[in-house]
$ cat model.tsv   # TSV, C-alpha atoms
chain	number	residue	atom	x	y	z
A	1	ASP	CA	-23.41	-9.71	1.28
A	2	SER	CA	-23.79	-11.88	-1.80
A	3	TYR	CA	-20.99	-14.19	-0.73
A	4	GLU	CA	-22.91	-15.10	2.43
A	5	LEU	CA	-26.20	-15.38	0.57
A	6	ASN	CA	-24.79	-17.74	-2.00
A	7	ALA	CA	-22.47	-19.51	0.45
A	8	ILE	CA	-19.75	-19.66	-2.18
A	9	PRO	CA	-16.97	-21.97	-0.99
A	10	VAL	CA	-13.44	-20.55	-1.07
A	11	MET	CA	-12.31	-23.18	-3.59
A	12	SER	CA	-14.76	-21.86	-6.20
A	13	ARG	CA	-12.99	-18.54	-6.60
A	14	LEU	CA	-12.30	-17.53	-10.17
A	15	VAL	CA	-8.64	-17.29	-11.11
A	16	PRO	CA	-7.00	-15.60	-14.10
A	17	VAL	CA	-4.42	-17.31	-16.29
A	18	TYR	CA	-1.00	-17.23	-14.62
A	19	ARG	CA	0.70	-19.76	-16.90
A	20	VAL	CA	-0.23	-22.24	-19.59
A	21	SER	CA	0.24	-26.00	-19.65
A	22	SER	CA	2.44	-26.69	-22.66
A	23	GLU	CA	4.63	-29.53	-23.88
A	24	ASP	CA	6.38	-27.09	-26.20
A	25	PRO	CA	9.16	-24.73	-25.01
A	26	VAL	CA	7.10	-21.58	-25.56
A	27	ILE	CA	6.96	-18.55	-23.26
A	28	ALA	CA	5.28	-15.15	-23.45
A	29	LEU	CA	6.82	-11.76	-22.73
A	30	THR	CA	4.23	-9.24	-21.56
A	31	ILE	CA	4.89	-5.53	-21.14
A	32	ASP	CA	2.59	-3.28	-19.13
A	33	ALA	CA	2.48	0.38	-20.16
A	34	ALA	CA	0.96	2.91	-17.80
A	35	TRP	CA	3.55	5.68	-17.58
A	36	ASN	CA	6.18	7.32	-19.80
A	37	ALA	CA	7.36	6.07	-23.17
A	38	ASP	CA	11.03	6.99	-23.45
A	39	LYS	CA	12.17	3.33	-23.47
A	40	THR	CA	9.41	1.94	-25.67
A	41	GLU	CA	11.23	2.51	-28.97
A	42	PHE	CA	14.24	0.64	-27.59
A	43	ILE	CA	12.00	-2.24	-26.52
A	44	LEU	CA	10.38	-2.43	-29.97
A	45	ASP	CA	13.77	-2.33	-31.72
A	46	THR	CA	15.10	-5.06	-29.42
A	47	LEU	CA	12.10	-7.30	-30.09
A	48	ASP	CA	12.60	-6.76	-33.84
A	49	GLN	CA	16.30	-7.54	-33.50
A	50	TYR	CA	15.59	-10.95	-31.96
A	51	GLY	CA	12.55	-11.64	-34.14
A	52	ILE	CA	10.03	-12.00	-31.34
A	53	LYS	CA	6.52	-10.74	-30.70
A	54	ALA	CA	5.33	-9.60	-27.29
A	55	THR	CA	1.98	-8.69	-25.73
A	56	PHE	CA	1.65	-5.08	-24.54
A	57	PHE	CA	-1.03	-4.36	-21.94
A	58	LEU	CA	-1.85	-0.68	-22.41
A	59	CYS	CA	-3.56	1.64	-19.96
A	60	GLY	CA	-5.93	4.36	-21.19
A	61	VAL	CA	-3.90	7.29	-19.91
A	62	TRP	CA	-0.88	5.92	-21.78
A	63	VAL	CA	-2.90	5.32	-24.96
A	64	LYS	CA	-4.14	8.90	-24.91
A	65	ALA	CA	-0.69	10.32	-24.17
A	66	TYR	CA	1.15	8.27	-26.82
A	67	PRO	CA	-1.26	7.44	-29.67
A	68	ASP	CA	1.55	7.20	-32.24
A	69	MET	CA	3.35	4.68	-30.05
A	70	VAL	CA	0.18	2.57	-29.84
A	71	LYS	CA	0.05	2.53	-33.65
A	72	GLU	CA	3.76	1.64	-33.75
A	73	ILE	CA	3.31	-1.33	-31.41
A	74	ALA	CA	0.47	-2.63	-33.58
A	75	SER	CA	2.24	-1.98	-36.88
A	76	ARG	CA	5.27	-3.96	-35.74
A	77	GLY	CA	3.04	-6.99	-35.22
A	78	HIS	CA	2.82	-7.11	-31.45
A	79	GLU	CA	-0.33	-8.02	-29.57
A	80	ILE	CA	-2.16	-5.35	-27.58
A	81	GLY	CA	-4.07	-6.17	-24.41
A	82	ASN	CA	-6.42	-4.07	-22.29
A	83	HIS	CA	-5.04	-2.70	-18.98
A	84	SER	CA	-8.13	-0.56	-18.16
A	85	MET	CA	-8.89	3.04	-19.02
A	86	THR	CA	-8.00	4.73	-15.71
A	87	HIS	CA	-5.92	2.07	-13.85
A	88	PRO	CA	-8.34	1.74	-10.91
A	89	HIS	CA	-8.43	-0.85	-8.15
A	90	MET	CA	-10.78	-3.15	-10.06
A	91	ASN	CA	-11.99	-5.06	-7.02
A	92	ARG	CA	-13.41	-1.84	-5.57
A	93	ILE	CA	-15.66	-0.96	-8.52
A	94	SER	CA	-18.97	-2.33	-9.82
A	95	ALA	CA	-19.47	-4.72	-12.72
A	96	GLU	CA	-20.89	-1.83	-14.76
A	97	GLN	CA	-17.81	0.29	-14.05
A	98	ILE	CA	-15.58	-2.65	-14.97
A	99	ARG	CA	-17.34	-2.95	-18.33
A	100	THR	CA	-16.91	0.78	-18.94
A	101	GLU	CA	-13.20	0.64	-18.07
A	102	LEU	CA	-12.60	-2.02	-20.72
A	103	SER	CA	-14.98	-0.95	-23.47
A	104	SER	CA	-14.03	2.74	-23.39
A	105	LEU	CA	-10.35	1.84	-23.72
A	106	ASP	CA	-11.06	-0.62	-26.51
A	107	ASP	CA	-12.95	2.11	-28.39
A	108	GLU	CA	-9.78	4.18	-28.28
A	109	ILE	CA	-7.47	1.29	-29.22
A	110	GLU	CA	-9.75	0.34	-32.11
A	111	ARG	CA	-9.76	3.93	-33.34
A	112	LEU	CA	-5.95	3.89	-33.44
A	113	THR	CA	-5.23	0.34	-34.63
A	114	GLY	CA	-8.45	-0.90	-36.23
A	115	LYS	CA	-8.70	-3.79	-33.76
A	116	ARG	CA	-10.21	-4.40	-30.35
A	117	THR	CA	-8.39	-6.40	-27.71
A	118	LYS	CA	-9.10	-9.94	-26.47
A	119	LEU	CA	-7.01	-9.95	-23.31
A	120	PHE	CA	-7.23	-8.07	-20.02
A	121	ARG	CA	-4.73	-7.55	-17.22
A	122	ALA	CA	-5.99	-6.02	-13.99
A	123	PRO	CA	-4.16	-2.95	-12.67
A	124	PHE	CA	-2.04	-3.74	-9.60
A	125	GLY	CA	-2.76	-7.41	-10.37
A	126	GLU	CA	-5.91	-7.05	-8.25
A	127	TYR	CA	-9.03	-9.08	-8.99
A	128	ASN	CA	-11.95	-10.84	-7.40
A	129	ASP	CA	-14.76	-13.07	-8.69
A	130	THR	CA	-16.73	-10.07	-9.98
A	131	VAL	CA	-13.75	-8.80	-11.97
A	132	VAL	CA	-12.92	-12.18	-13.52
A	133	SER	CA	-16.52	-13.18	-14.31
A	134	THR	CA	-17.48	-9.75	-15.70
A	135	VAL	CA	-14.39	-9.56	-17.92
A	136	ARG	CA	-14.79	-13.12	-19.19
A	137	ASP	CA	-18.48	-12.51	-19.88
A	138	MET	CA	-17.34	-9.63	-22.10
A	139	GLY	CA	-15.28	-12.11	-24.13
A	140	TYR	CA	-11.81	-11.36	-22.79
A	141	GLU	CA	-9.37	-13.68	-21.09
A	142	VAL	CA	-7.91	-12.38	-17.83
A	143	VAL	CA	-4.12	-12.74	-17.78
A	144	GLN	CA	-1.70	-12.42	-14.88
A	145	TRP	CA	1.89	-13.74	-14.86
A	146	ASN	CA	4.00	-16.33	-13.08
A	147	ILE	CA	7.40	-14.64	-13.52
A	148	ASP	CA	7.75	-11.04	-12.33
A	149	THR	CA	10.81	-8.93	-13.20
A	150	VAL	CA	9.75	-6.39	-10.53
A	151	ASP	CA	11.43	-3.86	-12.83
A	152	TRP	CA	9.16	-1.07	-11.59
A	153	LYS	CA	11.10	-1.03	-8.33
A	154	GLU	CA	13.93	1.47	-8.12
A	155	GLY	CA	17.23	-0.10	-7.19
A	156	ARG	CA	16.60	-3.43	-8.94
A	157	THR	CA	19.74	-4.03	-11.00
A	158	PRO	CA	19.64	-5.89	-14.33
A	159	GLU	CA	21.68	-8.68	-12.68
A	160	THR	CA	19.15	-9.01	-9.86
A	161	ILE	CA	16.33	-9.22	-12.38
A	162	LEU	CA	18.06	-11.81	-14.56
A	163	ASN	CA	19.02	-13.94	-11.54
A	164	ALA	CA	15.40	-13.91	-10.41
A	165	VAL	CA	13.83	-14.57	-13.81
A	166	LEU	CA	16.05	-16.98	-15.73
A	167	PRO	CA	15.95	-19.93	-13.27
A	168	LYS	CA	12.13	-19.82	-13.29
A	169	LEU	CA	11.70	-20.16	-17.06
A	170	ALA	CA	9.54	-23.15	-17.98
A	171	ASN	CA	7.17	-24.15	-20.76
A	172	GLY	CA	4.09	-21.91	-20.74
A	173	SER	CA	5.58	-19.19	-18.57
A	174	ILE	CA	4.25	-15.61	-18.70
A	175	ILE	CA	6.81	-12.91	-17.89
A	176	LEU	CA	5.83	-9.46	-16.59
A	177	SER	CA	7.91	-6.43	-17.59
A	178	HIS	CA	7.11	-2.71	-17.76
A	179	ASN	CA	7.72	-0.44	-20.72
A	180	ASN	CA	9.58	2.01	-18.49
A	181	GLY	CA	11.16	-0.58	-16.21
A	182	TYR	CA	14.45	0.11	-14.48
A	183	GLY	CA	17.36	-1.53	-16.28
A	184	ILE	CA	15.22	-2.86	-19.13
A	185	GLU	CA	17.75	-1.60	-21.71
A	186	THR	CA	20.31	-3.95	-20.16
A	187	TYR	CA	18.28	-6.91	-18.96
A	188	LEU	CA	15.86	-7.36	-21.87
A	189	PRO	CA	18.41	-8.35	-24.57
A	190	LYS	CA	20.17	-10.67	-22.12
A	191	LEU	CA	16.89	-12.26	-21.03
A	192	ILE	CA	15.85	-12.89	-24.63
A	193	GLU	CA	19.27	-14.23	-25.63
A	194	GLN	CA	19.51	-16.62	-22.69
A	195	ALA	CA	15.95	-17.87	-23.11
A	196	GLN	CA	16.51	-18.50	-26.82
A	197	LYS	CA	19.82	-20.21	-26.05
A	198	GLU	CA	17.93	-22.54	-23.70
A	199	GLY	CA	15.57	-23.42	-26.55
A	200	TYR	CA	12.57	-21.28	-25.62
A	201	ARG	CA	10.47	-19.59	-28.27
A	202	PHE	CA	8.67	-16.34	-27.50
A	203	VAL	CA	5.00	-16.12	-28.52
A	204	THR	CA	2.12	-13.75	-27.84
A	205	ILE	CA	-0.40	-14.56	-25.12
A	206	SER	CA	-3.04	-15.46	-27.72
A	207	GLU	CA	-0.58	-17.90	-29.31
A	208	LEU	CA	0.28	-19.33	-25.90
A	209	LEU	CA	-3.33	-19.95	-24.83
A	210	PRO	CA	-4.93	-23.28	-25.82
A	211	GLU	CA	-7.34	-23.03	-28.74
A	212	GLY	CA	-11.03	-23.53	-28.09
A	213	GLU	CA	-12.51	-24.18	-24.66
A	214	ARG	CA	-10.06	-24.00	-21.78
A	215	THR	CA	-9.99	-24.35	-18.02
A	216	VAL	CA	-7.98	-22.51	-15.37
A	217	ASP	CA	-7.28	-24.30	-12.09
A	218	ASN	CA	-6.94	-22.79	-8.61
A	219	ASN	CA	-3.24	-22.16	-9.26
A	220	GLY	CA	-3.89	-20.26	-12.47
A	221	LEU	CA	-2.69	-23.06	-14.75
A	222	CYS	CA	-4.55	-22.90	-18.07
A	223	LYS	CA	-5.25	-26.12	-19.99
A	224	PRO	CA	-7.52	-27.19	-22.84
A	225	ALA	CA	-10.95	-28.17	-21.53
A	226	GLY	CA	-11.82	-31.87	-21.48
$ encode --input "model.tsv" --output "structure tokens"
Amino acid sequence: DSYELNAIPVMSRLVPVYRVSSEDPVIALTIDAAWNADKTEFILDTLDQYGIKATFFLCGVWVKAYPDMVKEIASRGHEIGNHSMTHPHMNRISAEQIRTELSSLDDEIERLTGKRTKLFRAPFGEYNDTVVSTVRDMGYEVVQWNIDTVDWKEGRTPETILNAVLPKLANGSIILSHNNGYGIETYLPKLIEQAQKEGYRFVTISELLPEGERTVDNNGLCKPAG
């Protein structure tokens, strides 16, 4: 295959942004939305209550099912990222299909909010060089996370989530939550309160990323280029 033809060394693999190098105590809360919306209003009200902005990665099926909620997320000043139209395993599809997944969803998001997205998160967190290079060539940054609430997993208590997340907080961290996550009504306010008490400020992914040219190392640490 092409990997053998080009003899690409393992170290050259392309890596998304997992966290950002920052001297400032800033962190980003990201919320993936691919199913249901019954907790989304609570999440938005909680973010308003604490005066923070988050980045919502929306999937096409969710956007089509809850168009008014998409508008609400945008109108409240949160950032919207692209989570693909159909939530496929991205590393099993062609570059052309990858482009279609992103552009068709952005057409829909633009129709609802007036803006296209600049960020992409791969479904299932799955990617390969084709995914990362194709998406970046389209002008998006590919964003993963370095702190996972694992709130999609039934049986995870709010205490378990907080005990796993809070000790890992550090400058430039990216936290993954889900809009219908188990226990989010309990853990989210406590997570925000504790992080703010420790001096962290929540920003969107675009605010967290370095301005201008940037590099991402093999561990997913994003820094300004040069």
$ closest_atom_pairs --input "model.tsv" --of "range 90-178 of chain A" --to "range 20-26 of chain A" --cutoff "12 Å" --atoms "all atoms listed in the file" --output "tab-separated table"
residue	atom	partner	partner_atom	distance
A:Val143	CA	A:Val20	CA	10.4
A:Gln144	CA	A:Val20	CA	11.0
A:Trp145	CA	A:Val20	CA	10.0
A:Asn146	CA	A:Val20	CA	9.8
A:Leu169	CA	A:Pro25	CA	9.5
A:Ala170	CA	A:Pro25	CA	7.2
A:Asn171	CA	A:Pro25	CA	4.7
A:Gly172	CA	A:Val20	CA	4.5
A:Ser173	CA	A:Val20	CA	6.6
A:Ile174	CA	A:Val20	CA	8.1
A:Ile175	CA	A:Val26	CA	11.6
$ closest_residue --input "model.tsv" --among "A:His83, A:Lys71, A:Arg92, A:His78" --to "Gly114 in chain A" --atoms "only C-alpha atoms"
A:Lys71
$ residues_near_point --input "model.tsv" --point "(-7.2, -19.6, -16.8)" --cutoff "6 Å" --atoms "only C-alpha atoms" --output "PyMOL selection string"
chain A and resi 16-17+215-216+220+222
$ residues_around --input "model.tsv" --residues "range 47-61 of chain A" --least-positions-apart "5" --cutoff "9 Å" --atoms "all atoms listed in the file" --output "count of residues only"
44
$ closest_residue --input "model.tsv" --among "A:Thr100, A:Thr149, A:Thr113, A:Asn163" --to "Thr134 in chain A" --atoms "all atoms listed in the file"
A:Thr100
$ atom_distance --input "model.tsv" --atom1 "CA of Lys190 in chain A" --atom2 "CA of Ala164 in chain A"
13.1 Å
$ residues_around --input "model.tsv" --residues "range 135-138 of chain A" --least-positions-apart "6" --cutoff "9 Å" --atoms "only C-alpha atoms" --output "list in words"
Ala95, Ile98, Arg99, Leu102 and Phe120 of chain A
$ atom_distance --input "model.tsv" --atom1 "CA of Val142 in chain A" --atom2 "CA of Thr130 in chain A"
12.0 Å
$ atom_distance --input "model.tsv" --atom1 "CA of Asp129 in chain A" --atom2 "CA of Pro224 in chain A"
21.3 Å
$ closest_residue --input "model.tsv" --among "A:Arg156, A:Lys115, A:Lys64, A:Arg214" --to "Ala37 in chain A" --atoms "only C-alpha atoms"
A:Lys64
$ residues_near_point --input "model.tsv" --point "(8.0, 0.7, -29.0)" --cutoff "7 Å" --atoms "only C-alpha atoms" --output "list in words"
Thr40, Glu41, Phe42, Ile43, Leu44, Met69, Glu72 and Ile73 of chain A
$ axis_aligned_box --input "model.tsv" --around "range 70-77 of chain A" --padding-each-side "8 Å" --output "lines of an AutoDock Vina configuration file"
center_x = 2.7
center_y = -2.2
center_z = -33.4
size_x = 21.2
size_y = 25.6
size_z = 23.0
$ closest_residue --input "model.tsv" --among "A:Val132, A:Ile161, A:Val63, A:Ile93" --to "Leu14 in chain A" --atoms "all atoms listed in the file"
A:Val132
$ closest_residue --input "model.tsv" --among "A:Thr117, A:Thr46, A:Ser94, A:Ser133" --to "Tyr187 in chain A" --atoms "all atoms listed in the file"
A:Thr46
$ closest_residue --input "model.tsv" --among "A:Val15, A:Leu162, A:Leu191, A:Leu221" --to "Tyr127 in chain A" --atoms "all atoms listed in the file"
A:Val15
